[in-house]
Each structure stands twice: as C-alpha cells, then as structure tokens.
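K.L.:
Please see the structure below; I have some questions.
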Amino acid sequence: MSLVNIARVAVENVAYSFDKIYDYIIPDAYLSQAKIGSRVTVPFGLGNKTRLGVIFELDKIEPNNKIKSIIAVLDKVPLIDDEMIKMALWLKERTFCTLFEATKCLLPSGINLRLVQSYIVNNKADENEIASLSEEEKSVFDYLLSKKGYIEEEKIIKDLSLDSENKSIEKLLKKGLIAKNVDAMQKIGDASVKSARLCLEEDEIDKIFNSLTKKQKEVVEFLEDVSSASIKEICYYLGLTPAVVNALEKKGIIEFFDNEYYRTPNDNIEQSDNSEIKLTEEQENAFNKIISVEEGNGGVCLLYGVTGSGKTQVFLKVIDEMQKKNRGVIVMVPEISLTPQTINIFKSRYSDKVAVFHSGLSLGERMDEWKRVNNGEADIVIGTRSAIFAPLKNIGAIIVDEEQEHTYKSESSPRYQAKDVAKFRCAYHKGVVVFASATPSVESYSNALNGKYTLCTMKSRYGTATLPKVITVDMACEVAQGHTGSISRILLKELENNLNMGHQSILLMNRRGYNTFVACKSCASVVTCPNCSISLTYHHANNRLMCHYCGYSEPFSEECKQCGEKNIRYSGAGTQHIEQELKELLPQARILRMDADTTMAKYSHEEKLSKFALGEYDIMLGTQMVAKGLDFPNVTLVGIINADQQLYNDDFRSLEQTFSLLTQVVGRSGRGKFEGRAVIQTMTPENPIIKLAAKQDYDAFYKTEIQLRKALIYPPYCDICLVGFVGSSEALVKSSSIFFFQKLKDILKEKYTDQKIIVLGPMAPKISKLNNKYRYRLIIKCRNSKQFRDMISELLLEYNKNTQFKSVTAFVDINPETIF
C-alpha cells in the first residue's frame, strides 16, 4: 500500500489544553507548494470550520480515512524558515502560549492573514423554504438576492444593522438557501504603483514607429531607455498627460502592470558619515572582547559603561566589523522615543542597509520593512522589542541597549523576554549578544561577575566630558519654609542660569496629567475609575478626569458624586501641572512637554526631539521617555521633580528601578563641551539609593542590592513564576486561584517531590480590577527548569478541564517585570 503525504500543522484559535501539531493530508495539487513554514487553510473540529495554520513538519504515513485534507496552501514561498520554526516551539515551551500564537508574533501584523467569510444566494434554493423564512431571515436573503457575487459577512451585518445575537445567516446556510466562501486575506495589501513597459519587440516597434504622434514617440523612446517607469514618472519627465500613455496601451505597444514598492520610513536621511571610527583605549578593549566572543562561536557580553562613555561608538565599530563579514545586526532600544536619534546615527552611516521596526510605524510600513530584511535588502535592523524577530539570515550580533528596561518583556501572550530571544537567536547563528547599560540589571551584572557573560567596562566619559555635579534638594525643608511649589528655589535658580547662558535643560516628572489624585474634603471619598480599582487623573488640556489604564474619562466637576458637596480637592502633580507652573515662573522659556498625551501622533517623537536638538526649545519636560539614551550636547542641566515616586513601591525591583532612572536622567547632562549639573528633589535626601544615584555609583548600589536579594530570595537567586487569574466575577476568580494552589500542593506531594519552591498567595494585586476584570495571582519562587515548566503545564491543562472556571482565564508569566 502506497504512503500518503501529510503535513503537521499548528492551527489558530486552539485552546491551550488542545494545542498540538495536527496531521493533514496534502492534496496532490499542493504537493509542490506545501513546504515547512507555509501557511495553509484547514478544516478543524466537528463542524470542519475553516482555520488558518502553519506547516511545521512534512511526513509520509499509511492511508487513514480519519485524517482530513488541507483546503489550500496560501504562500508561494514559505515565510517562516527553520530557525523560526525552532523558535516557535521554544516560545511555546517557555511562555505557555499556543504554537500558532508563537508563530504569529514572528511575522509583522500587516502580513498576517485573516479569514473572510462571504455569502451568495444558492441558485437552487427551495421555494417552500424561502416562503417559510422569518422576517429577519427574509431580509438577509433578499439583500443577498439583490447583490451580484459573494458579499462579505461584515458588510451584510453592517448594511442590515444585525446585532451579535442574530443567527439569520447561520440559519439560511443550514437550510441550503445560501452558499458560503472562505478566503484568507492579508491584513495590509502590498504597496504598488501603476507602471508601463513596452510589450513589442524592437523590429515590431520600428514598423509602426512613424505612424505614432510626436508625444507617443517620446514615450516609446523613454521606455526603450529606462525599460519601465510609473505613469506618474512618464508624465512628469516628458511633460505629458496620462491620455498619451493610455493611447499607446490601447494600441498594444505598451502594457500596464502594478510595480510593488516599499513604504520605507525615514527614507529622507542620506548617507553622510563614512569616517573611520576612532575609539579610546577603554572602547577598544570592549570592542575587542565583543569580537573575540563572536569569533569564538558566540556568547553574551555585558557592556557596562557610565552615561556618556561612548557605547554607541562601540556599537558602530561592531556593526562595521559585521558588515565586513556579511553578517546581520539587530540593535534594540527600549523606547520609541529613542529610535529617532538612533535611526539618524545609523542611517547616516549605513543608508538603506538599515530597516526600522517599531509600533509607531503604519502596518504597511512594518510589513515592507520586514520584506526588505527578508529579501536581503537590509541587514541592519533598528527597533524596539518586536525587532528581535526580524528575519535576518546570518546574525552576527544583537545589541540590546539599556538592557535593564522593563519594555523588553512582553505583557501579552506570548509573554517572552526579548533578551532571552536574543540569546536563542545568537546561539542558533553563533553570534554575540551585547547587553549594554550604565545601570545593568542586577541579574545581568551578577551573570557577568560569575563568568556567565563576558564583562566589558567603560568607566570614563568619552572625550573631555565629565560626569555632572549633583545637587540634592530636601523638599521637606522647602515646605517648612513656606515654599509649596513643585519647582524648588534651587532648581528655579539653576533653570534661570541656564536660560541666561543659552543652554538647555531636561526635567523629569514621571506622571502625566495635571493632578494625580482627586478626593472630597467633606466625605473623604476618592474619585475612582468605575472599571478599575485606581483613582482618576485630572487632565487640564481637555478638562476631564481620565483613567490611564482603561481610557475611561468623565467631565471635570466641583461637586462630589457621593455627598453632593462642592468641596473637591485636587492634589498630586503631573507633567501638565509642572508645565503650567514653569510657564508662570519662567514666562520667557520655551517649554517642550514630552509624554504619552503629546506624542500620540505618528512621527511626533522625531519632530519634537528634532526641534529640541535645533534649539527651538529651552526646557524639555517629560516622563521617563526623556530619561534614557538621549544625547543633546547643549543640555547642561537636568532636574528630577520627584525622586521618591518609585522608591517606595511594593515590588522587589523598586530600588533598582529608582536608582536606574535617577542615574540615567542625571546622565543626560553635560555630554558636550560644557560642564553639567543635576538637581534631585526628594523628601528623603538621607535615603541611600538617592545618595548612590547622586554619586552615579552603580558598583556600591549593586553590593547593597545583591545582599538584600540573597536574604529575601529574589532574582538572581531564584526565578519568579506568576500564575494569574482574570475574570468578571471576583468570587470566581478568587476560587479559581485557590483551586490552582491546592492542585499545586497535591502535584508537589505526588509527582514532583524534588521541586523546591516558595509560594506567595493566592492574593489580589495592588490594582485588583482592570477594565471590569478582577485579578488574582500566585507568585512562585522557583528555578525555571524544564521539569518545573512541565509541572506548570500539567497544572494548566488540569485547570482548563474544570468547567466551573471556564469564564476565568489562567495565564503564566515567567520572570515578569512586576509581581504586585
């Protein structure tokens, strides 16, 4: 008996408990097209609903009537290669997502497919069935009868204003009165321009050339010279109207075609920097260590250099070396706000070899940048977290700048850490991962000191620049002396001095909005979000109270909803409040505010930072997006409005995050030829973290912090596994977490007896309700081993079998950025 060809497929929208690779027969018509990494449509489930899938394996087996066949192969060439297949399997095992979810995150959003269902009236519809239709069914049937061809389901629902409970389409389909068609459509179409080319041979053109008009002859001669051109280009260069080109097409002399082009962001930056990079001795030592690791079959380096030490120069030298070896490089930055400066630096040196990946691009731009990399037209990728999945074929180095930042961790499924993905990819390609920071994460620095990473240190600022002088202001004394404003007298004086000298200043206020807390003085009730367990923030710009978590807003009111008294108190300052205060104190200053409210528009980061670089603003005030990575030589003053904000959060990383943020923002000052100053405003100037940040003394901070982590058993002395539960019923969510906890205790006694773990909870987090969903969690201190992950996977499968908790979603997050 002859064997049949099968594909093993990861299918979309499969519950975690049913997720596996499913076997499908490959029809003979698709044998040549069905390849590993190709996307397909397949029938799935008892109803044989059409689903998208990705081929993970090909095989031959004995015939089996129970195995269904692939409906269609959707890609001419596979979009996912061997590395990506292995990465998807690795992501599933590490992040507890489904295989299709893992595969989907490897591709840009625009290129992902969606299934579109369309309907048409059946020509052989039974008259008796038509006569017995309900009023709702009849309206849908008559609508389709009046249309030509298949009509998309979304259009039917929209045109007839059908609600989600309406089953008319489904009923008509069951009665055989309408037929259904399912197409897989790309979310964003390829960008193309209407173009023209000659379609006759040279001798054929010669025979008819004299019969053409003068303008038509010009077009023919132009196309003979350039081969093909867009209609717009032909008309522009020859000074003609489209009618001339259309006439030639009608005569069969030329043909029209759609010529695909790339929607390339930042394509106005010209290559201007080809100079050889000259490194200091410290930089040269760091560079040599990085290249030595790359040449020795890869590994991880930690580039630990003080702010302004010239880490970017080392990056450029590494990329130059990779270019000589024809190896690709990914450079990752934590914030969109850092990409404009980074892009300018790299594009001015490497031009169109650079591709950009970040969420600020349109779907079309993201898709086209992905294509340029996939086609080998760009081999240097700059971007935020999603850049880690760029389809480079031969990776020599992945550089993770500001590696300590939380934005490298995904908060939605798959909940991956981009730094771990970087290590996976460089292990596959035998390349080098470079983690770079002036304030490395405690875990990374520990790994470097223990020899797991190669440590490269740069203790001095580049060139003649020196670390800024730091002034600490006791805000408690300011208040005691009757000064209640957010800007201390010392900071105000320094700002005035900077304005007089023509220098620029950066101010950090890590809260947006105007007032961050609204309460009634009469009844003490706090104005909170109805959807979340969080207070609303007052925004002066639109005169509304807003929730920064779910987006809820309501008009400003002086009357309390609870007691009706007009005795509302607004307190706590955000960026809008500080901006207003600055305008009153320094009316002559030109102030740029940078926060989530002012940078919503596309390219707004680039435009605002460019204007600041050109000296169009004197003071840049912003949230943490202004604290890291930015390099403005004319900035000689940095002010931190409230250094205590993060210091007392109930999270084991709060001290580390505070030290990092203060050190990074202080480091923005004095990076040019002028000496820098920094002013730190705090209610607790005696706090050791404030003192260490003022000294820029990371080594002393690390020694203190690592002792605390060891005593309390936190990373790097363990891993953290968070098991979360989310649902609309608080009681059910709490019950589900208790059920999981009990199952965890049982499985530890019965099967995984050698697992040593510490469990905190179950408990509600600090914000227990978000977007009308209640939340509970278990926090497990563990070792992130294969055996531990197998245990958690078993527990998830058992949990999902319990129908009592089907409305409560359980998820697992390994080493999350916050646990409370």
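Labeling convention for the structure tokens: chains A, B, ... as they appear, residues from 1 per chain, ligands from 1 in order of appearance.
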Can you tell me, as a ChimeraX atom specification, what residues are no more than 10 Å from A:Glu281 when counting only C-alpha atoms, ignoring any on the same chain fewer than 5 positions away?
P.N.:
/A:286-287,458
K.L.:
So that I can check the surroundings of stretch 409-424 of chain A, please list as an MDAnalysis selection string every protein, DNA and RNA residue that reaches within 9 Å of it, counting only C-alpha atoms and ignoring chain neighbours fewer than 2 positions away.
P.N.:
chainID A and resid 87 90:92 94:98 101:102 105 299:300 385:386 388:389 398:400 403 405:407 426:429 431:433 435 811:817
K.L.:
Please produce a file of the residues just selected, as a CSV table (one decimal), in the first residue's frame, where the atoms kept are C-alpha atoms.
P.N.:
chain,number,residue,atom,x,y,z
A,87,MET,CA,11.9,29.5,17.9
A,90,TRP,CA,10.9,27.2,22.0
A,91,LEU,CA,8.4,30.1,22.7
A,92,LYS,CA,5.5,27.6,23.3
A,94,ARG,CA,8.9,28.7,27.6
A,95,THR,CA,5.9,31.0,27.6
A,96,PHE,CA,2.9,28.7,27.8
A,97,CYS,CA,1.3,30.0,24.7
A,98,THR,CA,-0.1,28.0,21.7
A,101,GLU,CA,0.4,32.4,18.9
A,102,ALA,CA,4.1,31.8,18.9
A,105,CYS,CA,4.3,37.0,16.7
A,299,GLY,CA,28.0,34.1,23.6
A,300,VAL,CA,26.8,37.1,25.7
A,385,ARG,CA,11.0,44.8,21.3
A,386,SER,CA,9.5,43.4,18.0
A,388,ILE,CA,14.1,40.8,17.8
A,389,PHE,CA,12.0,38.7,15.3
A,398,ILE,CA,22.3,41.5,18.6
A,399,ILE,CA,22.8,44.7,20.6
A,400,VAL,CA,20.3,45.4,23.4
A,403,GLU,CA,19.2,46.3,28.7
A,405,GLU,CA,14.5,48.3,30.9
A,406,HIS,CA,11.1,46.6,31.5
A,407,THR,CA,9.8,47.2,28.0
A,426,CYS,CA,22.6,34.2,18.6
A,427,ALA,CA,23.1,30.6,19.9
A,428,TYR,CA,21.5,29.5,16.6
A,429,HIS,CA,23.6,31.8,14.4
A,431,GLY,CA,26.7,35.3,17.1
A,432,VAL,CA,27.3,37.6,20.0
A,433,VAL,CA,24.6,39.3,22.2
A,435,PHE,CA,23.7,43.8,26.7
A,811,PHE,CA,-2.0,32.6,32.4
A,812,VAL,CA,1.6,32.0,33.3
A,813,ASP,CA,4.4,34.6,33.2
A,814,ILE,CA,8.0,33.6,33.9
A,815,ASN,CA,10.1,36.4,35.4
A,816,PRO,CA,7.5,39.2,35.0
A,817,GLU,CA,8.7,42.8,35.3
K.L.:
Please identify the strand (DSSP E) residues within stretch 64-142 of chain A (assignment by DSSP from backbone atoms) and present them as a list in words.
P.N.:
Ala72, Val73, Leu113, Arg114, Leu115, Val116, Gln117, Ser118, Tyr119, Ile120 and Val121 of chain A
K.L.:
In Å, with one decimal, what is the gap from atom CA of A:Phe632 to atom CA of A:Thr280?
P.N.:
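Atom CA of A:Phe632 sits 20.9 Å away from atom CA of A:Thr280.
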K.L.:
Leaving out A:Ser807 and any residue of its chain fewer than 5 positions from it, which residues lie within 9 Å of it when counting only C-alpha atoms, given as a ChimeraX atom specification?
P.N.:
/A:726-729,732-733
K.L.:
Please identify all polymer residues within 7 Å of A:Ser69, counting only C-alpha atoms, omitting same-chain residues fewer than 3 positions from it, and present them as JSON, numbers by chain.
P.N.:
{"A": [24, 25, 26, 27]}
K.L.:
Can you list, as an MDAnalysis selection string, every protein, DNA or RNA residue that comes within 9 Å of A:Leu662 when you count only C-alpha atoms, leaving out same-chain residues fewer than 3 positions away?
P.N.:
chainID A and resid 627 640 643 657:659 665:667 680 690 693:694 696
K.L.:
So that I have them on file, write out the residues from the current selection with C-alpha atoms, as a PDB file, in the first residue's frame.
P.N.:
ATOM      1  CA  ALA A 627      15.365  59.927  30.875  1.00  0.00           C
ATOM      2  CA  ILE A 640      14.241  65.436  38.801  1.00  0.00           C
ATOM      3  CA  ALA A 643      12.769  61.332  43.096  1.00  0.00           C
ATOM      4  CA  GLN A 657      14.314  50.915  39.064  1.00  0.00           C
ATOM      5  CA  THR A 658      14.658  54.122  41.092  1.00  0.00           C
ATOM      6  CA  PHE A 659      18.452  54.007  41.044  1.00  0.00           C
ATOM      7  CA  VAL A 665      18.381  61.032  33.714  1.00  0.00           C
ATOM      8  CA  VAL A 666      21.302  62.648  35.559  1.00  0.00           C
ATOM      9  CA  GLY A 667      23.492  61.245  32.780  1.00  0.00           C
ATOM     10  CA  ILE A 680      17.417  65.870  42.557  1.00  0.00           C
ATOM     11  CA  ILE A 690      19.205  58.736  46.425  1.00  0.00           C
ATOM     12  CA  ALA A 693      22.337  57.772  42.383  1.00  0.00           C
ATOM     13  CA  ALA A 694      23.674  61.273  43.056  1.00  0.00           C
ATOM     14  CA  GLN A 696      26.487  57.682  39.989  1.00  0.00           C
TER      15      GLN A 696
END
K.L.:
What gap, in Å, lies between atom CA of A:Lys324 and atom CA of A:Asn375?
P.N.:
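Taking atom CA of A:Lys324 and atom CA of A:Asn375, their separation equals 19.4 Å.
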K.L.:
Work out how far atom CA of A:Arg461 is from atom CA of A:Ser275, in Å to one decimal.
P.N.:
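Taking atom CA of A:Ser275 as the start and atom CA of A:Arg461 as the end point, the length is 21.2 Å.
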K.L.:
Quick one: residues within 12 Å of A:Leu248, only C-alpha atoms counted, chain neighbours fewer than 2 positions away excluded, as number ranges by chain?
P.N.:
A: 196-200, 205, 208-209, 211-213, 215-220, 223, 242-246, 250-256
K.L.:
Would you give me, as JSON, numbers by chain, the residues in stretch 306-535 of chain A that DSSP reads as helix (DSSP H, G or I)?
P.N.:
{"A": [311, 312, 313, 314, 315, 316, 317, 318, 319, 320, 321, 322, 323, 324, 336, 337, 338, 339, 340, 341, 342, 343, 344, 345, 346, 347, 348, 349, 350, 351, 352, 353, 363, 364, 365, 366, 367, 368, 369, 370, 371, 372, 373, 374, 385, 386, 387, 388, 389, 406, 407, 408, 418, 419, 420, 421, 422, 423, 424, 425, 426, 427, 428, 429, 442, 443, 444, 445, 446, 447, 448, 449, 475, 476, 477, 478, 479, 480, 489, 490, 491, 492, 493, 494, 495, 496, 497, 498, 499, 500, 501]}
